[in-house]
$ cat input30.txt   # compact mmCIF, C-alpha atoms
# COMPACT_ATOMS: atom_id res chain seq x y z
CA MET N 72 6.80 1.93 30.55
CA ASN N 73 4.60 -1.02 29.52
CA THR N 74 3.26 -1.08 25.98
CA THR N 75 -0.26 0.19 25.29
CA LYS N 76 -2.87 -2.56 25.01
CA LEU N 77 -4.55 -2.22 21.60
CA LYS N 78 -8.21 -2.95 22.24
CA TYR N 79 -9.24 -2.13 18.65
CA LEU N 80 -7.21 -5.14 17.45
CA GLU N 81 -9.49 -7.47 19.39
CA ASP N 82 -12.77 -5.69 18.65
CA PHE N 83 -12.97 -2.84 16.13
CA ASN N 84 -16.63 -2.26 17.13
CA LEU N 85 -15.48 -1.09 20.55
CA LEU N 86 -15.59 2.71 20.29
CA GLU N 87 -15.82 3.64 23.97
CA LEU N 88 -13.56 2.59 26.85
CA GLU N 89 -12.71 3.50 30.42
CA THR N 90 -9.01 3.18 31.15
CA LYS N 91 -6.13 4.59 33.19
CA VAL N 92 -3.90 7.54 32.31
CA MET N 93 -0.24 6.52 32.39
CA GLU N 94 1.35 9.83 31.42
CA VAL N 95 0.46 13.39 30.42
CA ASN N 96 3.22 15.05 28.39
CA ASN N 97 3.84 18.03 26.16
CA GLU N 98 6.03 17.74 23.08
CA ASP N 99 6.70 20.63 20.72
CA GLY N 100 3.75 22.54 22.13
CA ARG N 101 1.30 19.64 21.74
CA ASP N 102 -0.34 17.79 24.63
CA ILE N 103 0.12 14.01 24.59
CA ILE N 104 -1.86 11.46 26.59
CA ILE N 105 -0.57 7.91 27.10
CA LEU N 106 -3.14 5.38 28.31
CA GLU N 107 -2.97 1.86 29.71
CA GLU N 108 -5.11 0.68 26.76
CA THR N 109 -6.82 2.33 23.82
CA VAL N 110 -9.64 2.05 21.30
CA PHE N 111 -8.14 4.81 19.13
CA TYR N 112 -6.55 3.57 15.92
CA PRO N 113 -3.06 5.04 15.33
CA GLN N 114 -2.26 5.85 11.72
CA GLY N 115 -0.64 2.98 9.83
CA GLY N 116 -1.19 0.32 7.19
CA GLY N 117 -2.58 2.95 4.83
CA GLN N 118 -5.40 3.90 7.23
CA PRO N 119 -5.69 7.33 8.87
CA TYR N 120 -5.78 7.77 12.63
CA ASP N 121 -8.94 8.05 14.68
CA GLN N 122 -10.10 11.23 16.34
CA GLY N 123 -12.42 11.79 19.30
CA ILE N 124 -12.38 12.78 22.95
CA ILE N 125 -10.92 11.63 26.26
CA GLU N 126 -12.61 13.01 29.36
CA SER N 127 -13.12 12.72 33.10
CA SER N 128 -14.42 14.93 35.88
CA SER N 129 -11.01 16.66 35.76
CA GLY N 130 -11.04 17.71 32.14
CA LYS N 131 -11.79 17.10 28.45
CA PHE N 132 -9.12 16.29 25.85
CA LEU N 133 -9.66 16.55 22.08
CA VAL N 134 -7.81 13.77 20.25
CA ILE N 135 -6.60 15.22 16.95
CA GLU N 136 -3.92 12.69 16.00
CA VAL N 137 -2.91 9.17 17.15
CA ARG N 138 0.50 7.56 16.62
CA PHE N 139 2.09 4.20 17.51
CA ILE N 140 5.75 4.55 18.52
CA ASP N 141 7.83 1.73 20.04
CA GLY N 142 4.82 -0.06 21.46
CA ILE N 143 3.27 3.09 22.91
CA VAL N 144 0.18 4.83 21.51
CA LYS N 145 0.39 8.61 21.73
CA HIS N 146 -2.94 10.48 21.77
CA ILE N 147 -2.04 13.94 20.50
CA GLY N 148 -4.27 16.99 20.80
CA ASN N 149 -5.25 19.64 23.30
CA PHE N 150 -7.25 20.11 26.47
CA GLU N 151 -10.56 21.85 25.92
CA SER N 152 -10.82 22.16 29.68
CA GLY N 153 -8.98 21.06 32.81
CA LYS N 154 -6.15 18.53 32.94
CA PHE N 155 -5.60 14.81 33.74
CA SER N 156 -3.27 13.25 36.33
CA SER N 157 -1.33 10.00 36.07
CA GLY N 158 -3.37 7.11 37.46
CA GLU N 159 -6.69 8.83 36.78
CA ILE N 160 -9.53 6.89 35.13
CA VAL N 161 -10.80 8.50 31.95
CA LYS N 162 -13.42 7.70 29.31
CA CYS N 163 -12.39 7.45 25.64
CA GLU N 164 -14.84 7.97 22.80
CA VAL N 165 -13.92 7.56 19.13
CA ASP N 166 -15.50 9.73 16.42
CA GLN N 167 -17.87 7.10 14.97
CA ILE N 168 -18.52 8.80 11.63
CA ARG N 169 -14.81 9.12 10.82
CA ARG N 170 -14.09 5.55 11.96
CA LYS N 171 -16.94 4.08 9.90
CA LEU N 172 -15.77 5.70 6.67
CA ASN N 173 -12.15 4.72 7.28
CA SER N 174 -13.20 1.14 7.99
CA ARG N 175 -15.33 0.95 4.83
CA LEU N 176 -12.45 2.28 2.75
CA HIS N 177 -9.94 -0.11 4.33
CA SER N 178 -12.16 -3.15 3.75
CA GLY N 179 -12.78 -1.83 0.24
CA GLY N 180 -9.05 -2.00 -0.47
CA HIS N 181 -9.02 -5.68 0.48
CA ILE N 182 -12.07 -6.30 -1.70
CA VAL N 183 -10.07 -4.93 -4.65
CA ASP N 184 -7.40 -7.48 -3.77
CA MET N 185 -10.03 -10.22 -3.74
CA ALA N 186 -11.17 -9.15 -7.22
CA VAL N 187 -7.61 -9.04 -8.60
CA ASN N 188 -7.00 -12.53 -7.20
CA SER N 189 -10.29 -13.86 -8.65
CA LEU N 190 -9.35 -12.58 -12.11
CA GLY N 191 -6.15 -14.62 -11.97
CA LEU N 192 -3.88 -11.59 -12.37
CA LYS N 193 -0.31 -12.39 -11.36
CA TRP N 194 0.11 -9.22 -9.33
CA ASN N 195 1.66 -9.07 -5.87
CA PRO N 196 0.05 -6.60 -3.45
CA GLY N 197 2.15 -3.59 -2.49
CA LYS N 198 1.08 -0.58 -0.45
CA GLY N 199 -2.47 0.53 0.11
CA TYR N 200 -3.74 4.07 0.63
CA HIS N 201 -7.18 3.98 2.25
CA PHE N 202 -7.62 7.69 2.94
CA PRO N 203 -10.88 9.40 1.88
CA ASP N 204 -9.14 11.81 -0.52
CA GLY N 205 -8.34 9.19 -3.17
CA PRO N 206 -7.92 5.58 -2.01
CA TYR N 207 -5.89 3.11 -4.07
CA VAL N 208 -4.05 -0.21 -3.93
CA GLU N 209 -0.69 -0.75 -5.61
CA TYR N 210 0.59 -3.99 -7.11
CA ILE N 211 3.85 -5.27 -8.51
CA GLY N 212 3.02 -6.71 -11.92
CA SER N 213 2.40 -5.83 -15.54
CA LEU N 214 -0.44 -4.36 -17.60
CA GLU N 215 1.10 -5.61 -20.83
CA GLY N 216 -1.53 -7.03 -23.20
CA LEU N 217 -4.41 -5.99 -20.94
CA ASP N 218 -7.28 -3.66 -21.89
CA LYS N 219 -7.34 -1.21 -18.97
CA GLU N 220 -10.95 -0.15 -19.51
CA LYS N 221 -12.19 -3.75 -19.62
CA LEU N 222 -10.03 -4.60 -16.62
CA LYS N 223 -11.48 -1.66 -14.69
CA THR N 224 -15.02 -2.91 -15.42
CA ASP N 225 -14.14 -6.52 -14.52
CA ILE N 226 -12.54 -5.59 -11.19
CA GLU N 227 -15.50 -3.38 -10.30
CA LYS N 228 -17.98 -6.19 -11.09
CA PHE N 229 -16.09 -8.62 -8.87
CA CYS N 230 -15.84 -6.05 -6.06
CA ASN N 231 -19.60 -5.47 -6.01
CA LYS N 232 -20.23 -9.20 -6.29
CA PHE N 233 -18.27 -9.72 -3.06
CA VAL N 234 -20.14 -6.83 -1.41
CA GLU N 235 -23.46 -8.45 -2.36
CA GLU N 236 -22.30 -11.80 -0.96
CA ASP N 237 -22.03 -10.00 2.39
CA ARG N 238 -19.13 -12.09 3.63
CA LYS N 239 -18.59 -11.88 7.38
CA THR N 240 -15.33 -10.46 8.73
CA GLU N 241 -13.41 -12.77 11.06
CA LEU N 242 -10.24 -11.98 13.02
CA ARG N 243 -7.52 -14.57 13.59
CA PHE N 244 -4.36 -14.11 15.63
CA ILE N 245 -1.77 -16.47 14.19
CA PRO N 246 2.06 -16.48 13.91
CA LYS N 247 3.47 -14.95 10.74
CA GLU N 248 4.96 -18.26 9.64
CA GLU N 249 1.47 -19.82 9.58
CA MET N 250 -0.29 -17.00 7.70
CA SER N 251 0.33 -18.51 4.26
CA SER N 252 -2.14 -21.28 5.13
CA VAL N 253 -5.04 -18.77 4.92
CA CYS N 254 -3.54 -15.81 2.98
CA HIS N 255 -2.74 -15.79 -0.74
CA PHE N 256 0.07 -13.29 -0.07
CA VAL N 257 2.09 -12.54 3.07
CA PRO N 258 4.44 -9.53 2.98
CA ASP N 259 7.99 -9.89 4.22
CA TYR N 260 7.46 -7.09 6.72
CA ILE N 261 4.93 -7.43 9.54
CA PRO N 262 5.09 -4.46 12.00
CA GLU N 263 6.78 -5.24 15.30
CA GLY N 264 5.13 -4.56 18.65
CA LYS N 265 1.62 -5.61 17.62
CA PRO N 266 0.02 -9.08 17.71
CA ALA N 267 0.12 -10.78 14.29
CA ARG N 268 -3.43 -10.72 12.96
CA VAL N 269 -5.22 -11.92 9.83
CA VAL N 270 -8.54 -10.48 8.62
CA MET N 271 -10.70 -13.15 6.95
CA TYR N 272 -13.49 -12.45 4.46
CA GLY N 273 -14.93 -15.94 4.08
CA ASP N 274 -11.97 -18.03 2.91
CA PHE N 275 -9.87 -15.03 1.81
CA GLY N 276 -7.30 -13.91 4.38
CA VAL N 277 -5.17 -10.75 4.56
CA PRO N 278 -2.51 -9.89 7.19
CA CYS N 279 -3.80 -6.59 8.57
CA GLY N 280 -3.94 -4.59 11.80
CA GLY N 281 -6.52 -2.02 10.69
CA THR N 282 -10.23 -1.59 11.39
CA HIS N 283 -12.89 -3.07 9.13
CA VAL N 284 -16.59 -3.58 8.55
CA ASN N 285 -18.38 -6.53 10.18
CA ASN N 286 -19.92 -7.70 6.91
CA LEU N 287 -18.93 -6.71 3.38
CA ARG N 288 -22.35 -5.30 2.54
CA GLU N 289 -21.50 -2.43 4.93
CA VAL N 290 -18.85 -1.27 2.44
CA GLY N 291 -21.59 -0.30 -0.01
CA ASN N 292 -21.33 0.11 -3.76
CA MET N 293 -17.72 0.22 -4.99
CA ILE N 294 -16.27 2.15 -7.91
CA ILE N 295 -12.97 1.53 -9.67
CA ARG N 296 -11.84 5.04 -10.59
CA LYS N 297 -8.78 4.25 -12.69
CA ILE N 298 -5.94 1.82 -13.34
CA ARG N 299 -2.52 3.14 -14.28
CA ASP N 300 1.21 2.52 -14.21
CA GLU N 301 2.81 4.37 -11.32
CA ARG N 302 6.63 4.29 -11.39
CA GLY N 303 6.71 0.65 -12.42
CA ASN N 304 3.80 -0.38 -10.19
CA ILE N 305 0.13 -0.85 -11.03
CA ARG N 306 -2.15 1.49 -9.11
CA VAL N 307 -5.85 0.63 -8.84
CA GLY N 308 -7.82 3.64 -7.66
CA TYR N 309 -11.17 2.86 -6.02
CA ASP N 310 -13.86 4.45 -3.90
CA VAL N 311 -17.00 3.58 -1.97
CA GLU N 312 -20.38 5.23 -2.30
CA ARG N 313 -20.76 8.08 0.22
$ encode --input "input30.txt" --output "structure tokens"
Amino acid sequence: MNTTKLKYLEDFNLLELETKVMEVNNEDGRDIIILEETVFYPQGGGQPYDQGIIESSSGKFLVIEVRFIDGIVKHIGNFESGKFSSGEIVKCEVDQIRRKLNSRLHSGGHIVDMAVNSLGLKWNPGKGYHFPDGPYVEYIGSLEGLDKEKLKTDIEKFCNKFVEEDRKTELRFIPKEEMSSVCHFVPDYIPEGKPARVVMYGDFGVPCGGTHVNNLREVGNMIIRKIRDERGNIRVGYDVER
């Protein structure tokens, strides 16, 4: 089977799409739809999956979970009515409220990175967790000699400064070996099976395949909840105004 074309990588504002059904399967009691292309974001990069509906005159499918496996996006859920057939044209519609919050939180994580970089902290970015229940960014570095409360205030001030600047988000598809020309940090591991993409906020670039806001003002007021050592890493907990 051909890989699923990831339309959200090219345009994360595209929340509706008509496309072709490639397969309808059932695994472990769960219905799975595989499409020729998709606007649904599959969980990864610290961002939760999209939800929504897929429908046609033949039926309506509730998308509860989305996963990317070996180049294929699996839309996992259940049929509210009817059933689809292979080759059928269906309409996809992403839950806009869920997507918007996830995008604000994901961009917010990169804004924290911008603030850390602006403060001259010699921390290397690690994993990010951009879920609504307690988002954070982890770094490899040291808090030695730093006042955590002052640091929390300083990072928050820089974050909201960048939000107020309302930098525009730009997408660039460039080979991994060229990313260091626009990114201050490039991880060793870039997921296979997806085009290599950099998200630019002004002159600040981050390798990322997630969804984001169009302009940083859309993130809204940011809060740095806490900074702490977490098993040898520095964890910066943040949130956006809801």
$ residues_around --input "input30.txt" --residues "N:Ser174" --least-positions-apart "3" --cutoff "9 Å" --atoms "only C-alpha atoms" --output "CSV table (one decimal) with C-alpha atoms, keeping the file's coordinate frame"
chain,number,residue,atom,x,y,z
N,118,GLN,CA,-5.4,3.9,7.2
N,169,ARG,CA,-14.8,9.1,10.8
N,170,ARG,CA,-14.1,5.6,12.0
N,171,LYS,CA,-16.9,4.1,9.9
N,177,HIS,CA,-9.9,-0.1,4.3
N,178,SER,CA,-12.2,-3.2,3.8
N,179,GLY,CA,-12.8,-1.8,0.2
N,201,HIS,CA,-7.2,4.0,2.2
N,281,GLY,CA,-6.5,-2.0,10.7
N,282,THR,CA,-10.2,-1.6,11.4
N,283,HIS,CA,-12.9,-3.1,9.1
N,284,VAL,CA,-16.6,-3.6,8.6
N,290,VAL,CA,-18.8,-1.3,2.4
$ residues_around --input "input30.txt" --residues "stretch 78-92 of chain N" --least-positions-apart "3" --cutoff "9 Å" --atoms "all atoms listed in the file" --output "ChimeraX atom specification"
/N:95,104-112,155-167,170,242,265-266,268,280-285
$ atom_distance --input "input30.txt" --atom1 "atom CA of N:Thr74" --atom2 "atom CA of N:Ala267"
15.5 Å
$ residues_near_point --input "input30.txt" --point "(-7.4, 19.6, 30.1)" --cutoff "9 Å" --atoms "all atoms listed in the file" --output "number ranges by chain"
N: 126, 129-133, 149-155
$ closest_residue --input "input30.txt" --among "N:Pro113, N:Gly148, N:Pro246, N:Gly291" --to "N:Cys230" --atoms "all atoms listed in the file"
N:Gly291
$ residues_around --input "input30.txt" --residues "N:Ile305" --least-positions-apart "2" --cutoff "12 Å" --atoms "only C-alpha atoms" --output "PyMOL selection string"
chain N and resi 187+192-199+207-215+219+297-303+307-308
$ closest_residue --input "input30.txt" --among "N:Val234, N:Val183, N:Ile125, N:Val137" --to "N:Ile295" --atoms "all atoms listed in the file"
N:Val183
$ atom_distance --input "input30.txt" --atom1 "atom CA of N:Tyr309" --atom2 "atom CA of N:Arg138"
25.9 Å
$ closest_residue --input "input30.txt" --among "N:Phe202, N:Tyr260, N:Tyr272, N:Tyr120" --to "N:Leu287" --atoms "all atoms listed in the file"
N:Tyr272
$ closest_residue --input "input30.txt" --among "N:Leu217, N:Thr224, N:Glu241, N:His146" --to "N:Glu98" --atoms "all atoms listed in the file"
N:His146
$ build_atoms --input "input30.txt" --residues "stretch 194-205 of chain N" --atoms "all heavy atoms" --output "JSON list (two decimals), keeping the file's coordinate frame"
[["chain", "number", "residue", "atom", "x", "y", "z"],
["N", 194, "TRP", "N", -0.38, -10.44, -9.96],
["N", 194, "TRP", "CA", 0.11, -9.22, -9.33],
["N", 194, "TRP", "C", 0.32, -9.47, -7.83],
["N", 194, "TRP", "O", -0.53, -10.08, -7.17],
["N", 194, "TRP", "CB", -0.89, -8.08, -9.48],
["N", 194, "TRP", "CG", -1.22, -7.68, -10.88],
["N", 194, "TRP", "CD1", -0.61, -8.08, -12.03],
["N", 194, "TRP", "CD2", -2.26, -6.76, -11.26],
["N", 194, "TRP", "NE1", -1.20, -7.49, -13.12],
["N", 194, "TRP", "CE2", -2.21, -6.66, -12.68],
["N", 194, "TRP", "CE3", -3.21, -6.02, -10.58],
["N", 194, "TRP", "CZ2", -3.09, -5.85, -13.40],
["N", 194, "TRP", "CZ3", -4.08, -5.22, -11.28],
["N", 194, "TRP", "CH2", -4.02, -5.13, -12.68],
["N", 195, "ASN", "N", 1.42, -8.98, -7.31],
["N", 195, "ASN", "CA", 1.66, -9.07, -5.87],
["N", 195, "ASN", "C", 1.27, -7.76, -5.20],
["N", 195, "ASN", "O", 1.69, -6.69, -5.65],
["N", 195, "ASN", "CB", 3.13, -9.36, -5.58],
["N", 195, "ASN", "CG", 3.51, -10.79, -5.85],
["N", 195, "ASN", "OD1", 2.67, -11.69, -5.76],
["N", 195, "ASN", "ND2", 4.76, -11.03, -6.21],
["N", 196, "PRO", "N", 0.47, -7.82, -4.14],
["N", 196, "PRO", "CA", 0.05, -6.60, -3.45],
["N", 196, "PRO", "C", 1.23, -5.81, -2.91],
["N", 196, "PRO", "O", 2.18, -6.38, -2.37],
["N", 196, "PRO", "CB", -0.83, -7.12, -2.31],
["N", 196, "PRO", "CG", -1.26, -8.48, -2.75],
["N", 196, "PRO", "CD", -0.12, -9.03, -3.54],
["N", 197, "GLY", "N", 1.16, -4.49, -3.08],
["N", 197, "GLY", "CA", 2.15, -3.59, -2.49],
["N", 197, "GLY", "C", 1.46, -2.74, -1.44],
["N", 197, "GLY", "O", 0.70, -3.26, -0.62],
["N", 198, "LYS", "N", 1.67, -1.44, -1.48],
["N", 198, "LYS", "CA", 1.08, -0.58, -0.45],
["N", 198, "LYS", "C", -0.36, -0.24, -0.77],
["N", 198, "LYS", "O", -0.79, -0.27, -1.93],
["N", 198, "LYS", "CB", 1.90, 0.69, -0.28],
["N", 198, "LYS", "CG", 1.79, 1.68, -1.44],
["N", 198, "LYS", "CD", 2.56, 2.96, -1.11],
["N", 198, "LYS", "CE", 2.43, 3.97, -2.25],
["N", 198, "LYS", "NZ", 3.13, 5.24, -1.94],
["N", 199, "GLY", "N", -1.11, 0.05, 0.27],
["N", 199, "GLY", "CA", -2.47, 0.53, 0.11],
["N", 199, "GLY", "C", -2.60, 1.91, 0.72],
["N", 199, "GLY", "O", -1.93, 2.23, 1.72],
["N", 200, "TYR", "N", -3.44, 2.73, 0.12],
["N", 200, "TYR", "CA", -3.74, 4.07, 0.63],
["N", 200, "TYR", "C", -5.25, 4.14, 0.76],
["N", 200, "TYR", "O", -5.96, 4.18, -0.24],
["N", 200, "TYR", "CB", -3.21, 5.13, -0.34],
["N", 200, "TYR", "CG", -3.46, 6.55, 0.09],
["N", 200, "TYR", "CD1", -2.59, 7.20, 0.97],
["N", 200, "TYR", "CD2", -4.55, 7.28, -0.41],
["N", 200, "TYR", "CE1", -2.81, 8.52, 1.35],
["N", 200, "TYR", "CE2", -4.77, 8.59, -0.04],
["N", 200, "TYR", "CZ", -3.89, 9.21, 0.84],
["N", 200, "TYR", "OH", -4.11, 10.51, 1.21],
["N", 201, "HIS", "N", -5.75, 4.09, 2.00],
["N", 201, "HIS", "CA", -7.18, 3.98, 2.25],
["N", 201, "HIS", "C", -7.76, 5.26, 2.84],
["N", 201, "HIS", "O", -8.73, 5.23, 3.59],
["N", 201, "HIS", "CB", -7.46, 2.78, 3.16],
["N", 201, "HIS", "CG", -6.75, 1.53, 2.74],
["N", 201, "HIS", "ND1", -6.99, 0.91, 1.54],
["N", 201, "HIS", "CD2", -5.78, 0.79, 3.35],
["N", 201, "HIS", "CE1", -6.21, -0.15, 1.42],
["N", 201, "HIS", "NE2", -5.47, -0.24, 2.52],
["N", 202, "PHE", "N", -7.16, 6.39, 2.48],
["N", 202, "PHE", "CA", -7.62, 7.69, 2.94],
["N", 202, "PHE", "C", -8.79, 8.16, 2.07],
["N", 202, "PHE", "O", -8.88, 7.82, 0.89],
["N", 202, "PHE", "CB", -6.50, 8.72, 2.88],
["N", 202, "PHE", "CG", -5.46, 8.59, 3.95],
["N", 202, "PHE", "CD1", -4.72, 7.43, 4.10],
["N", 202, "PHE", "CD2", -5.21, 9.64, 4.82],
["N", 202, "PHE", "CE1", -3.75, 7.31, 5.08],
["N", 202, "PHE", "CE2", -4.25, 9.54, 5.81],
["N", 202, "PHE", "CZ", -3.52, 8.37, 5.95],
["N", 203, "PRO", "N", -9.70, 8.96, 2.63],
["N", 203, "PRO", "CA", -10.88, 9.40, 1.88],
["N", 203, "PRO", "C", -10.59, 10.25, 0.65],
["N", 203, "PRO", "O", -11.42, 10.34, -0.25],
["N", 203, "PRO", "CB", -11.67, 10.22, 2.91],
["N", 203, "PRO", "CG", -11.23, 9.72, 4.24],
["N", 203, "PRO", "CD", -9.78, 9.37, 4.05],
["N", 204, "ASP", "N", -9.41, 10.87, 0.57],
["N", 204, "ASP", "CA", -9.14, 11.81, -0.52],
["N", 204, "ASP", "C", -8.67, 11.16, -1.82],
["N", 204, "ASP", "O", -8.25, 11.85, -2.73],
["N", 204, "ASP", "CB", -8.12, 12.87, -0.08],
["N", 204, "ASP", "CG", -6.76, 12.26, 0.23],
["N", 204, "ASP", "OD1", -6.66, 11.03, 0.39],
["N", 204, "ASP", "OD2", -5.78, 13.03, 0.32],
["N", 205, "GLY", "N", -8.76, 9.85, -1.93],
["N", 205, "GLY", "CA", -8.34, 9.19, -3.17],
["N", 205, "GLY", "C", -7.71, 7.84, -2.91],
["N", 205, "GLY", "O", -6.53, 7.63, -3.19]]
